[in-house]
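Trainee: Contents of start.txt (compact mmCIF, C-alpha atoms) are below:
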# COMPACT_ATOMS: atom_id res chain seq x y z
CA MET A 1 41.73 137.10 69.76
CA GLU A 2 38.94 134.68 70.66
CA THR A 3 39.11 131.31 72.39
CA SER A 4 36.51 128.59 72.95
CA HIS A 5 36.08 126.30 75.93
CA ARG A 6 33.77 123.32 76.12
CA VAL A 7 33.09 120.60 78.64
CA VAL A 8 31.76 117.16 77.79
CA VAL A 9 29.98 115.34 80.60
CA GLY A 10 31.12 111.81 79.98
CA ASP A 11 33.72 109.09 80.46
CA ALA A 12 37.18 109.99 79.11
CA ARG A 13 37.75 106.39 78.07
CA ASP A 14 35.65 107.38 75.06
CA LEU A 15 36.68 110.76 73.60
CA SER A 16 34.49 110.27 70.54
CA ASP A 17 33.48 113.95 70.56
CA VAL A 18 37.13 114.86 69.93
CA ALA A 19 38.54 114.28 66.45
CA ALA A 20 41.81 112.47 65.91
CA ASP A 21 44.89 114.73 65.85
CA SER A 22 42.86 117.78 66.95
CA VAL A 23 44.40 118.49 70.37
CA ASP A 24 47.76 120.23 70.76
CA LEU A 25 48.41 119.73 74.48
CA VAL A 26 47.04 117.55 77.27
CA VAL A 27 47.29 118.71 80.89
CA THR A 28 45.59 116.59 83.50
CA SER A 29 45.63 115.17 87.00
CA PRO A 30 43.84 111.80 87.14
CA PRO A 31 42.50 110.03 90.21
CA TYR A 32 45.52 108.50 91.94
CA PRO A 33 45.41 104.69 92.09
CA MET A 34 45.63 103.23 95.62
CA ILE A 35 44.56 106.48 97.30
CA GLU A 36 41.53 105.40 99.33
CA MET A 37 39.35 108.36 98.37
CA TRP A 38 39.33 107.01 94.79
CA ASP A 39 38.54 103.35 95.59
CA GLU A 40 34.83 103.77 94.95
CA THR A 41 35.41 105.60 91.66
CA PHE A 42 37.78 102.96 90.30
CA THR A 43 35.53 100.12 91.50
CA ALA A 44 32.55 101.64 89.71
CA LEU A 45 34.60 101.72 86.50
CA ASP A 46 36.02 98.22 86.98
CA PRO A 47 34.57 95.89 89.66
CA ALA A 48 37.83 93.92 89.60
CA VAL A 49 39.34 96.75 91.65
CA GLY A 50 36.92 96.18 94.53
CA ASP A 51 37.40 92.42 94.34
CA ALA A 52 41.18 92.78 94.60
CA LEU A 53 40.98 95.17 97.55
CA ALA A 54 38.53 92.92 99.36
CA ALA A 55 40.94 90.01 98.83
CA GLY A 56 43.83 92.03 100.26
CA ASP A 57 45.71 91.90 96.94
CA GLY A 58 47.23 95.38 96.58
CA ASP A 59 49.28 94.61 93.49
CA ARG A 60 46.24 93.35 91.60
CA ALA A 61 44.16 96.35 92.68
CA PHE A 62 46.97 98.71 91.62
CA GLU A 63 47.16 97.15 88.16
CA ALA A 64 43.38 97.13 87.72
CA MET A 65 43.15 100.82 88.60
CA HIS A 66 45.87 101.67 86.11
CA GLY A 67 44.06 99.55 83.55
CA VAL A 68 41.20 102.06 83.79
CA LEU A 69 43.62 104.94 83.22
CA ASP A 70 45.27 103.07 80.33
CA ASP A 71 41.99 103.26 78.39
CA VAL A 72 42.10 107.04 78.73
CA TRP A 73 45.76 107.25 77.67
CA ALA A 74 44.87 105.25 74.56
CA GLU A 75 42.33 107.90 73.62
CA VAL A 76 44.83 110.65 74.42
CA SER A 77 47.26 109.12 71.93
CA ARG A 78 44.53 109.22 69.27
CA VAL A 79 43.44 112.84 69.69
CA LEU A 80 46.84 114.43 70.38
CA VAL A 81 48.74 115.74 67.36
CA ASP A 82 52.08 114.23 66.39
CA GLY A 83 54.73 115.91 68.50
CA GLY A 84 52.10 117.19 70.92
CA ILE A 85 52.84 117.12 74.64
CA ALA A 86 50.93 115.34 77.41
CA CYS A 87 51.52 116.48 81.01
CA VAL A 88 50.22 114.22 83.76
CA ASN A 89 50.26 115.33 87.38
CA VAL A 90 50.31 112.28 89.66
CA GLY A 91 51.46 111.28 93.11
CA ASP A 92 52.56 107.94 94.43
CA ALA A 93 50.54 106.21 97.14
CA THR A 94 51.42 104.56 100.44
CA ARG A 95 48.95 102.10 101.84
CA THR A 96 48.40 99.01 103.92
CA VAL A 97 46.49 96.31 102.05
CA GLY A 98 45.99 93.07 103.90
CA ASP A 99 48.99 92.73 106.20
CA SER A 100 51.45 94.59 103.96
CA PHE A 101 52.39 98.29 103.93
CA SER A 102 54.04 99.52 100.76
CA VAL A 103 54.44 102.36 98.30
CA TYR A 104 52.59 102.09 95.00
CA PRO A 105 54.64 103.91 92.32
CA ASN A 106 51.95 105.55 90.22
CA HIS A 107 54.43 107.74 88.36
CA ALA A 108 56.44 104.73 87.15
CA ARG A 109 53.30 102.92 85.97
CA VAL A 110 52.12 106.00 84.06
CA VAL A 111 55.48 106.17 82.27
CA GLU A 112 55.16 102.52 81.31
CA ALA A 113 51.67 103.11 79.93
CA PHE A 114 52.59 106.13 77.82
CA GLN A 115 55.62 104.37 76.38
CA SER A 116 53.38 101.49 75.32
CA PHE A 117 51.29 103.97 73.31
CA GLY A 118 54.31 105.35 71.45
CA PHE A 119 55.07 108.41 73.59
CA ASP A 120 58.60 109.48 74.42
CA PRO A 121 59.10 110.44 78.09
CA LEU A 122 60.67 113.86 78.61
CA PRO A 123 62.25 115.24 81.81
CA ASP A 124 59.63 115.55 84.53
CA VAL A 125 58.99 118.03 87.33
CA LEU A 126 58.66 117.51 91.08
CA TRP A 127 56.64 119.91 93.20
CA ARG A 128 56.07 119.87 96.92
CA LYS A 129 52.56 119.60 98.30
CA PRO A 130 51.38 120.12 101.89
CA ALA A 131 51.80 117.15 104.21
CA ASN A 132 48.65 115.13 104.61
CA SER A 133 48.94 115.49 108.40
CA ALA A 134 51.08 117.15 111.03
CA ALA A 135 52.91 113.86 111.62
CA LYS A 136 56.16 113.73 109.67
CA PHE A 137 56.67 110.02 110.03
CA MET A 138 54.94 106.70 109.61
CA GLY A 139 55.73 103.38 111.19
CA SER A 140 57.71 103.11 114.43
CA GLY A 141 58.23 106.85 114.82
CA MET A 142 61.39 107.67 116.76
CA VAL A 143 62.67 104.09 117.02
CA PRO A 144 64.70 102.66 114.10
CA PRO A 145 64.54 100.95 111.73
CA ASN A 146 60.83 100.71 110.84
CA ALA A 147 59.75 104.30 110.17
CA TYR A 148 58.83 105.45 106.65
CA VAL A 149 59.45 108.61 104.69
CA THR A 150 56.36 110.81 104.31
CA LEU A 151 55.47 111.54 100.68
CA GLU A 152 55.18 115.29 100.24
CA HIS A 153 55.83 115.67 96.52
CA GLU A 154 54.04 114.95 93.28
CA TYR A 155 55.24 114.45 89.73
CA VAL A 156 54.38 116.27 86.55
CA MET A 157 55.18 113.61 83.97
CA VAL A 158 55.86 115.02 80.49
CA PHE A 159 55.48 112.98 77.30
CA ARG A 160 55.80 113.76 73.59
CA ASN A 161 53.51 111.97 71.16
CA GLY A 162 56.08 110.30 68.93
CA SER A 163 59.75 111.06 68.46
CA ASP A 164 59.46 114.26 66.41
CA SER A 165 58.72 117.73 67.79
CA ARG A 166 55.88 119.87 66.44
CA SER A 167 56.70 122.03 63.44
CA PHE A 168 55.39 125.52 62.64
CA GLU A 169 55.37 127.76 59.58
CA PRO A 170 58.40 130.09 59.48
CA GLY A 171 57.92 133.24 61.55
CA ALA A 172 54.59 132.06 62.99
CA ASP A 173 53.26 135.05 64.94
CA ARG A 174 51.17 132.91 67.27
CA ARG A 175 54.30 131.06 68.36
CA TYR A 176 56.59 134.05 68.88
CA GLU A 177 53.91 136.11 70.63
CA ALA A 178 53.45 133.15 73.00
CA ALA A 179 57.09 133.25 74.08
CA TYR A 180 57.92 133.42 77.78
CA PHE A 181 60.52 135.64 79.43
CA TRP A 182 64.10 134.36 79.79
CA GLU A 183 63.87 134.39 83.58
CA GLU A 184 60.52 132.56 83.44
CA ARG A 185 62.13 129.90 81.28
CA ASN A 186 64.84 129.39 83.90
CA ARG A 187 62.27 129.03 86.66
CA TRP A 188 59.62 127.04 84.82
CA PHE A 189 61.95 124.54 83.17
CA SER A 190 63.63 123.57 86.42
CA ASP A 191 63.04 119.95 87.43
CA VAL A 192 61.97 120.94 90.97
CA TRP A 193 59.34 123.61 91.55
CA THR A 194 59.90 124.92 95.07
CA ASP A 195 57.69 127.97 94.57
CA VAL A 196 54.47 126.04 93.89
CA GLN A 197 52.54 124.49 96.74
CA GLY A 198 49.28 122.64 97.04
CA GLU A 199 46.22 124.48 98.20
CA LEU A 200 42.97 123.64 99.93
CA GLN A 201 39.99 123.53 97.62
CA GLY A 202 37.35 126.10 98.54
CA LEU A 203 34.47 124.61 96.60
CA GLY A 204 31.75 125.65 99.02
CA HIS A 205 30.23 122.15 99.07
CA ASP A 206 31.58 119.41 101.32
CA ASP A 207 30.71 116.56 98.96
CA LEU A 208 32.39 118.21 95.98
CA ARG A 209 35.42 119.13 98.05
CA GLU A 210 35.91 115.49 99.03
CA ARG A 211 35.70 114.38 95.42
CA SER A 212 37.96 117.06 93.97
CA ALA A 213 41.71 116.62 93.57
CA ALA A 214 42.31 119.86 91.69
CA PHE A 215 45.92 120.95 91.47
CA PRO A 216 47.02 124.58 92.04
CA PHE A 217 46.21 126.95 89.17
CA GLU A 218 49.90 127.82 88.77
CA ILE A 219 50.75 124.27 87.63
CA PRO A 220 48.49 124.04 84.55
CA TYR A 221 49.08 127.73 83.80
CA ARG A 222 52.83 127.15 83.57
CA LEU A 223 52.42 123.97 81.55
CA VAL A 224 50.05 125.61 79.08
CA ASN A 225 52.56 128.41 78.51
CA MET A 226 55.51 126.03 78.35
CA TYR A 227 54.09 123.54 75.86
CA SER A 228 51.52 125.33 73.68
CA VAL A 229 51.09 128.48 71.58
CA TYR A 230 48.19 130.85 70.93
CA ASP A 231 45.28 129.23 69.06
CA ASP A 232 46.22 125.77 70.38
CA THR A 233 43.65 123.49 72.02
CA VAL A 234 44.32 122.03 75.47
CA LEU A 235 42.54 118.88 76.64
CA ASP A 236 41.96 117.72 80.22
CA PRO A 237 40.33 114.25 80.25
CA PHE A 238 39.95 114.41 84.07
CA TRP A 239 38.48 117.90 84.18
CA GLY A 240 37.22 118.05 87.79
CA THR A 241 36.58 121.69 88.69
CA GLY A 242 38.12 122.92 85.45
CA THR A 243 41.49 124.22 86.66
CA THR A 244 43.16 123.32 83.35
CA SER A 245 40.44 125.02 81.31
CA LEU A 246 40.71 128.09 83.55
CA ALA A 247 44.47 128.18 83.00
CA ALA A 248 44.04 127.75 79.23
CA LEU A 249 41.47 130.53 79.12
CA VAL A 250 43.70 132.92 81.08
CA ALA A 251 46.66 131.97 78.84
CA GLY A 252 44.71 132.61 75.63
CA ARG A 253 44.32 129.00 74.47
CA ASN A 254 41.25 126.92 73.61
CA SER A 255 40.23 124.04 75.85
CA ILE A 256 38.19 120.85 76.06
CA GLY A 257 37.38 119.02 79.28
CA TYR A 258 35.82 115.65 80.04
CA GLU A 259 34.11 115.15 83.39
CA ARG A 260 31.85 112.32 84.60
CA GLU A 261 30.05 114.40 87.23
CA ALA A 262 27.98 117.28 85.90
CA ALA A 263 27.93 118.99 89.32
CA PHE A 264 31.52 120.12 88.86
CA THR A 265 30.57 122.32 85.91
CA GLU A 266 28.72 124.62 88.33
CA VAL A 267 32.02 125.37 90.08
CA PHE A 268 33.51 126.43 86.76
CA ASP A 269 30.49 128.62 86.08
CA ASP A 270 31.17 130.45 89.34
CA GLN A 271 34.82 130.98 88.39
CA MET A 272 33.83 132.71 85.17
CA THR A 273 32.46 135.62 87.18
CA ASP A 274 35.95 136.77 88.15
CA VAL A 275 38.01 135.36 85.28
CA GLY A 276 38.64 138.79 83.76
CA GLU A 277 40.21 140.12 86.94
CA LEU A 278 42.18 136.90 87.42
CA SER A 279 43.51 137.21 83.88
CA ARG A 280 44.54 140.84 84.33
CA SER A 281 46.17 140.02 87.66
CA VAL A 282 48.23 137.19 86.15
CA VAL A 283 49.37 139.37 83.25
CA ARG A 284 50.25 142.29 85.53
CA GLU A 285 52.28 140.01 87.78
CA ARG A 286 54.27 138.59 84.85
CA LEU A 287 55.01 142.05 83.45
CA ASP A 288 55.87 143.48 86.87
CA ARG A 289 58.21 140.59 87.65
CA HIS A 290 60.01 141.14 84.36
CA ARG A 291 60.38 144.83 85.05
CA GLU A 292 61.87 143.93 88.44
CA PHE A 293 64.27 141.58 86.65
CA VAL A 294 65.29 144.39 84.28
CA ALA A 295 65.90 146.76 87.21
CA GLU A 296 67.98 144.18 89.10
CA THR A 297 70.01 143.39 85.98
CA ARG A 298 70.82 147.06 85.45
CA GLU A 299 71.68 147.54 89.14
CA ASN A 300 74.23 144.75 88.74
CA GLY A 301 75.85 146.64 85.88
CA ASP A 302 74.56 144.32 83.16
CA SER A 303 72.48 145.16 80.10
CA LEU A 304 69.77 143.38 78.15
CA GLY A 305 70.39 143.04 74.46
CA TYR A 306 67.01 143.52 72.78
CA GLU A 307 64.04 145.87 72.94
CA ALA A 308 60.59 144.30 73.17
CA THR A 309 58.34 145.01 70.19
CA HIS A 310 55.14 145.51 72.17
CA TYR A 311 56.45 146.82 75.51
CA ASP A 312 58.62 149.60 76.86
CA PHE A 313 61.32 147.35 78.31
CA PRO A 314 64.26 145.30 77.08
CA VAL A 315 64.48 141.51 77.02
CA ARG A 316 67.38 139.10 77.28
CA THR A 317 67.03 137.19 73.99
CA SER A 318 65.82 137.82 70.45
CA GLN A 319 63.18 135.11 70.86
CA GLU A 320 61.41 137.26 73.47
CA ARG A 321 61.16 140.39 71.33
CA ASP A 322 57.68 139.71 69.96
CA LEU A 323 56.28 138.32 73.22
CA ARG A 324 52.76 139.61 73.80
CA LEU A 325 50.43 138.93 76.71
CA TYR A 326 46.64 138.98 76.45
CA ALA A 327 43.98 139.52 79.09
CA VAL A 328 40.37 138.35 79.07
CA GLU A 329 38.08 141.19 78.03
CA SER A 330 34.76 139.31 78.07
CA VAL A 331 33.34 135.80 78.37
CA GLU A 332 30.12 134.65 76.71
CA ARG A 333 28.16 131.50 77.57
CA THR A 334 27.34 129.44 74.47
CA ASP A 335 25.48 126.20 73.80
CA GLU A 336 28.81 124.34 73.73
CA GLY A 337 30.54 126.09 76.63
CA TYR A 338 32.23 129.47 76.67
CA ARG A 339 33.70 131.89 74.18
CA ALA A 340 36.23 134.42 75.46
CA ARG A 341 37.55 137.57 73.86
CA HIS A 342 41.13 138.55 74.69
CA THR A 343 42.86 141.88 74.19
CA PRO A 344 46.62 142.59 74.28
CA VAL A 345 48.03 144.21 77.40
Mind converting the file's structure to C-alpha cells?

Mentor:
Amino acid sequence: METSHRVVVGDARDLSDVAADSVDLVVTSPPYPMIEMWDETFTALDPAVGDALAAGDGDRAFEAMHGVLDDVWAEVSRVLVDGGIACVNVGDATRTVGDSFSVYPNHARVVEAFQSFGFDPLPDVLWRKPANSAAKFMGSGMVPPNAYVTLEHEYVMVFRNGSDSRSFEPGADRRYEAAYFWEERNRWFSDVWTDVQGELQGLGHDDLRERSAAFPFEIPYRLVNMYSVYDDTVLDPFWGTGTTSLAALVAGRNSIGYEREAAFTEVFDDQMTDVGELSRSVVRERLDRHREFVAETRENGDSLGYEATHYDFPVRTSQERDLRLYAVESVERTDEGYRARHTPV
C-alpha cells in the first residue's frame, strides 16, 4: 500500500489546489479566537480584529476572528465529500477586554458556522489539557463569590457534510481492513477522553514553539482511524507542524495540509526521519493491548466469538475479523511532498 502527503504553503481561505469533493476527512485545530497569542495573526488577516481590540470591544473582535475562520469552513464544505466528516479541535477563551472579563465560547460559534454551511453536528468529545498555570482559580481567589472556573478542557467538534452517511461498495476491503478493535471503539467513541493529555511542543526553535498550537498526536490518530478508511484523503487546513499529516501517514491514509508559514514544513521534514519507528511502535502497542484484552477476557471466564483473519488471536465481533494494521516501510521525498510505502504487520 502507498500513500501520498503534500503540503501547500498558502492561505486556507482559498483551497483552490484541492478539487471539490476530493477530501474524505478533515481534522484540524485552528487558531483559537480571543487567545492573545493569535491576535496578531487574526489582525493580519482582517484589520477589523485589531480595531475592535483597540476599542475594547471583545464581542466585535470575537465575531471578526470567527469571520476569518468562516471563510475556511466554506472551503472545507466545498472540498469534503458528501457524508464526509470534519473534526475541529478548539478551546474556549477567557479574557479581559476593556473593563469586562468574560468567556468567549469558540466551540458554540464553530457549531453555528458549520450548520450554516449545511453540516450536521454529531456528538463531540472533551479532552483535558494541562492547566495554563499552577493557579487553579481566577478572580477573587479564596473569597466568594467572584472567582472563576479555570478552563482545562478542549472540544473536538464533529460534523458530517450533509445528512447522509458515506456509502461504500459491498464488502469493501479497504473499509473492513480499517476496522478498529471492539475495546478501542469503546474507548475512542466515549464523549470524554481522560487518557489523552496535552503536551509541550519540542520544536527546537523558540519562535516556532510560540506560534505552534499543535495538539497531541493521539488525537488526530484516533480521529483518522474513527472516521476514515484506507486510501482516504485527510485534509488539515491549519497544518502547523503537521501533526494531522503525521497521524494520517502512520494510519495509512493520504493527506493534504495548508500552512501559511513555510518554516513549519522543516519540522515535518525532521519528523520523517523517525516515522517508520513511530509507525511500528503505534501498531505494536495496538496489537499488544488487544492481546492483553484477550487474556483478561479469558481470565474472567469469557470467550471471544471470532478468529481474526490476519492475526493469531480472536476478536469480539465479526466486523473486526478482517482488521489489518500497516506499518511504514519507507518514505520518499517527492516534488509534491512525500510518498510512503506501507506493509502489513

Trainee: Provide the CA of Ala52 (chain A) to CA of Val97 (chain A) distance in Å, to one decimal place.

Mentor: 9.8 Å

Trainee: Could you state the separation of CA of Val294 (chain A) and CA of Ala308 (chain A) in Å, given to one decimal place?

Mentor: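 Atom-to-atom, CA of Val294 (chain A) to CA of Ala308 (chain A), that is 12.1 Å.
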
Trainee: When distances are computed from all atoms listed in the file, which of A:Glu336, A:Asp124, A:Glu285, A:Asp24 shows the smallest separation from Trp188 (chain A)?

Mentor: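 Checking each of A:Glu336, A:Asp124, A:Glu285, A:Asp24 against Trp188 (chain A), counting all atoms listed in the file, the winner is A:Asp124.
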
Trainee: How far is it from CA of Tyr338 (chain A) to CA of Asp21 (chain A), in Å with one decimal?

Mentor: 22.2 Å

Trainee: As a count of residues only, please: the residues near Phe42 (chain A) (cut-off 12 Å, only C-alpha atoms, same-chain neighbours under 2 positions excluded).

Mentor: 30

Trainee: Show which residues sit within 12 Å of Trp127 (chain A), as a PDB file with C-alpha atoms, in the coordinates of the input. Count only C-alpha atoms, and ignore same-chain residues fewer than 3 positions away.

Mentor:
ATOM      1  CA  ASN A  89      50.260 115.330  87.380  1.00  0.00           C
ATOM      2  CA  VAL A  90      50.310 112.280  89.660  1.00  0.00           C
ATOM      3  CA  GLY A  91      51.460 111.280  93.110  1.00  0.00           C
ATOM      4  CA  ASP A 124      59.630 115.550  84.530  1.00  0.00           C
ATOM      5  CA  PRO A 130      51.380 120.120 101.890  1.00  0.00           C
ATOM      6  CA  LEU A 151      55.470 111.540 100.680  1.00  0.00           C
ATOM      7  CA  GLU A 152      55.180 115.290 100.240  1.00  0.00           C
ATOM      8  CA  HIS A 153      55.830 115.670  96.520  1.00  0.00           C
ATOM      9  CA  GLU A 154      54.040 114.950  93.280  1.00  0.00           C
ATOM     10  CA  TYR A 155      55.240 114.450  89.730  1.00  0.00           C
ATOM     11  CA  VAL A 156      54.380 116.270  86.550  1.00  0.00           C
ATOM     12  CA  MET A 157      55.180 113.610  83.970  1.00  0.00           C
ATOM     13  CA  TRP A 188      59.620 127.040  84.820  1.00  0.00           C
ATOM     14  CA  SER A 190      63.630 123.570  86.420  1.00  0.00           C
ATOM     15  CA  ASP A 191      63.040 119.950  87.430  1.00  0.00           C
ATOM     16  CA  VAL A 192      61.970 120.940  90.970  1.00  0.00           C
ATOM     17  CA  TRP A 193      59.340 123.610  91.550  1.00  0.00           C
ATOM     18  CA  THR A 194      59.900 124.920  95.070  1.00  0.00           C
ATOM     19  CA  ASP A 195      57.690 127.970  94.570  1.00  0.00           C
ATOM     20  CA  VAL A 196      54.470 126.040  93.890  1.00  0.00           C
ATOM     21  CA  GLN A 197      52.540 124.490  96.740  1.00  0.00           C
ATOM     22  CA  GLY A 198      49.280 122.640  97.040  1.00  0.00           C
ATOM     23  CA  PHE A 215      45.920 120.950  91.470  1.00  0.00           C
ATOM     24  CA  PRO A 216      47.020 124.580  92.040  1.00  0.00           C
ATOM     25  CA  GLU A 218      49.900 127.820  88.770  1.00  0.00           C
ATOM     26  CA  ILE A 219      50.750 124.270  87.630  1.00  0.00           C
TER      27      ILE A 219
END

Trainee: Need the shell around Asp312 (chain A): protein/DNA/RNA residues with any atom at most 12 Å away, counting only C-alpha atoms. Skip same-chain ones fewer than 3 positions apart. Format as a ChimeraX atom specification?

Mentor: /A:287,290-291,294,306-309,315,321,324,345

Trainee: Taking the point (50.2, 104.3, 101.9) as given in the file, collect each protein or nucleic acid residue that comes within 8 Å of it, counting all atoms listed in the file, and present the set as a PyMOL selection string.

Mentor: chain A and resi 34-35+93-96+101-104

Trainee: Can you write just those residues out, C-alpha atoms, as an mmCIF file, in the frame of the given file?

Mentor:
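Result written to out31.cif:
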data_model
loop_
_atom_site.group_PDB
_atom_site.id
_atom_site.type_symbol
_atom_site.label_atom_id
_atom_site.label_comp_id
_atom_site.auth_asym_id
_atom_site.auth_seq_id
_atom_site.Cartn_x
_atom_site.Cartn_y
_atom_site.Cartn_z
ATOM 1 C CA MET A 34 45.630 103.230 95.620
ATOM 2 C CA ILE A 35 44.560 106.480 97.300
ATOM 3 C CA ALA A 93 50.540 106.210 97.140
ATOM 4 C CA THR A 94 51.420 104.560 100.440
ATOM 5 C CA ARG A 95 48.950 102.100 101.840
ATOM 6 C CA THR A 96 48.400 99.010 103.920
ATOM 7 C CA PHE A 101 52.390 98.290 103.930
ATOM 8 C CA SER A 102 54.040 99.520 100.760
ATOM 9 C CA VAL A 103 54.440 102.360 98.300
ATOM 10 C CA TYR A 104 52.590 102.090 95.000
#

Trainee: If you count all atoms listed in the file, which residues fall within 12 Å of region 342-344 of chain A, apart from same-chain ones fewer than 6 positions away, as a ChimeraX atom specification?

Mentor: /A:1-4,177-178,230-231,249-254,275-276,279-280,283-284,310-311,323-332

Trainee: Looking at A:Pro145, A:Gly257, A:Pro314, A:Pro121, which one is nearest to Val26 (chain A), with distances taken over only C-alpha atoms?

Mentor: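 Nearest candidate to Val26 (chain A) out of A:Pro145, A:Gly257, A:Pro314, A:Pro121: A:Gly257.
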
Trainee: Give me region 100-108 of chain A with all heavy atoms filled in, as a compact mmCIF listing (two decimals), keeping the file's coordinate frame.

Mentor:
# COMPACT_ATOMS: atom_id res chain seq x y z
N SER A 100 50.23 94.03 104.53
CA SER A 100 51.45 94.59 103.96
C SER A 100 51.31 96.10 103.73
O SER A 100 50.35 96.55 103.10
CB SER A 100 51.79 93.89 102.64
OG SER A 100 52.89 94.49 102.01
N PHE A 101 52.30 96.87 104.23
CA PHE A 101 52.39 98.29 103.93
C PHE A 101 53.42 98.49 102.84
O PHE A 101 54.51 97.93 102.89
CB PHE A 101 52.80 99.08 105.18
CG PHE A 101 53.08 100.54 104.89
CD1 PHE A 101 52.05 101.47 104.85
CD2 PHE A 101 54.37 100.97 104.62
CE1 PHE A 101 52.31 102.80 104.57
CE2 PHE A 101 54.64 102.30 104.34
CZ PHE A 101 53.60 103.21 104.32
N SER A 102 53.08 99.29 101.83
CA SER A 102 54.04 99.52 100.76
C SER A 102 53.71 100.79 100.00
O SER A 102 52.62 101.35 100.15
CB SER A 102 54.04 98.27 99.85
OG SER A 102 53.75 98.46 98.61
N VAL A 103 54.67 101.23 99.19
CA VAL A 103 54.44 102.36 98.30
C VAL A 103 54.03 101.82 96.95
O VAL A 103 54.57 100.81 96.47
CB VAL A 103 55.69 103.26 98.18
CG1 VAL A 103 56.86 102.50 97.58
CG2 VAL A 103 55.38 104.51 97.37
N TYR A 104 53.05 102.47 96.34
CA TYR A 104 52.59 102.09 95.00
C TYR A 104 53.03 103.19 94.02
O TYR A 104 52.51 104.31 94.07
CB TYR A 104 51.07 101.90 95.00
CG TYR A 104 50.65 100.70 95.81
CD1 TYR A 104 50.35 100.82 97.16
CD2 TYR A 104 50.59 99.44 95.23
CE1 TYR A 104 49.99 99.70 97.92
CE2 TYR A 104 50.23 98.31 95.97
CZ TYR A 104 49.93 98.46 97.31
OH TYR A 104 49.58 97.35 98.05
N PRO A 105 53.99 102.88 93.15
CA PRO A 105 54.64 103.91 92.32
C PRO A 105 53.80 104.30 91.10
O PRO A 105 54.07 103.87 89.98
CB PRO A 105 55.96 103.24 91.93
CG PRO A 105 55.61 101.78 91.87
CD PRO A 105 54.59 101.55 92.96
N ASN A 106 52.82 105.14 91.32
CA ASN A 106 51.95 105.55 90.22
C ASN A 106 52.72 106.20 89.08
O ASN A 106 52.41 105.97 87.91
CB ASN A 106 50.87 106.50 90.73
CG ASN A 106 49.82 105.80 91.57
OD1 ASN A 106 49.39 104.70 91.25
ND2 ASN A 106 49.42 106.42 92.66
N HIS A 107 53.71 107.02 89.42
CA HIS A 107 54.43 107.74 88.36
C HIS A 107 55.14 106.77 87.42
O HIS A 107 55.14 106.96 86.20
CB HIS A 107 55.41 108.75 88.95
CG HIS A 107 56.68 108.17 89.45
ND1 HIS A 107 56.79 107.51 90.66
CD2 HIS A 107 57.93 108.12 88.88
CE1 HIS A 107 58.04 107.10 90.81
NE2 HIS A 107 58.74 107.46 89.77
N ALA A 108 55.72 105.70 87.98
CA ALA A 108 56.44 104.73 87.15
C ALA A 108 55.47 103.98 86.24
O ALA A 108 55.78 103.71 85.06
CB ALA A 108 57.22 103.76 88.02
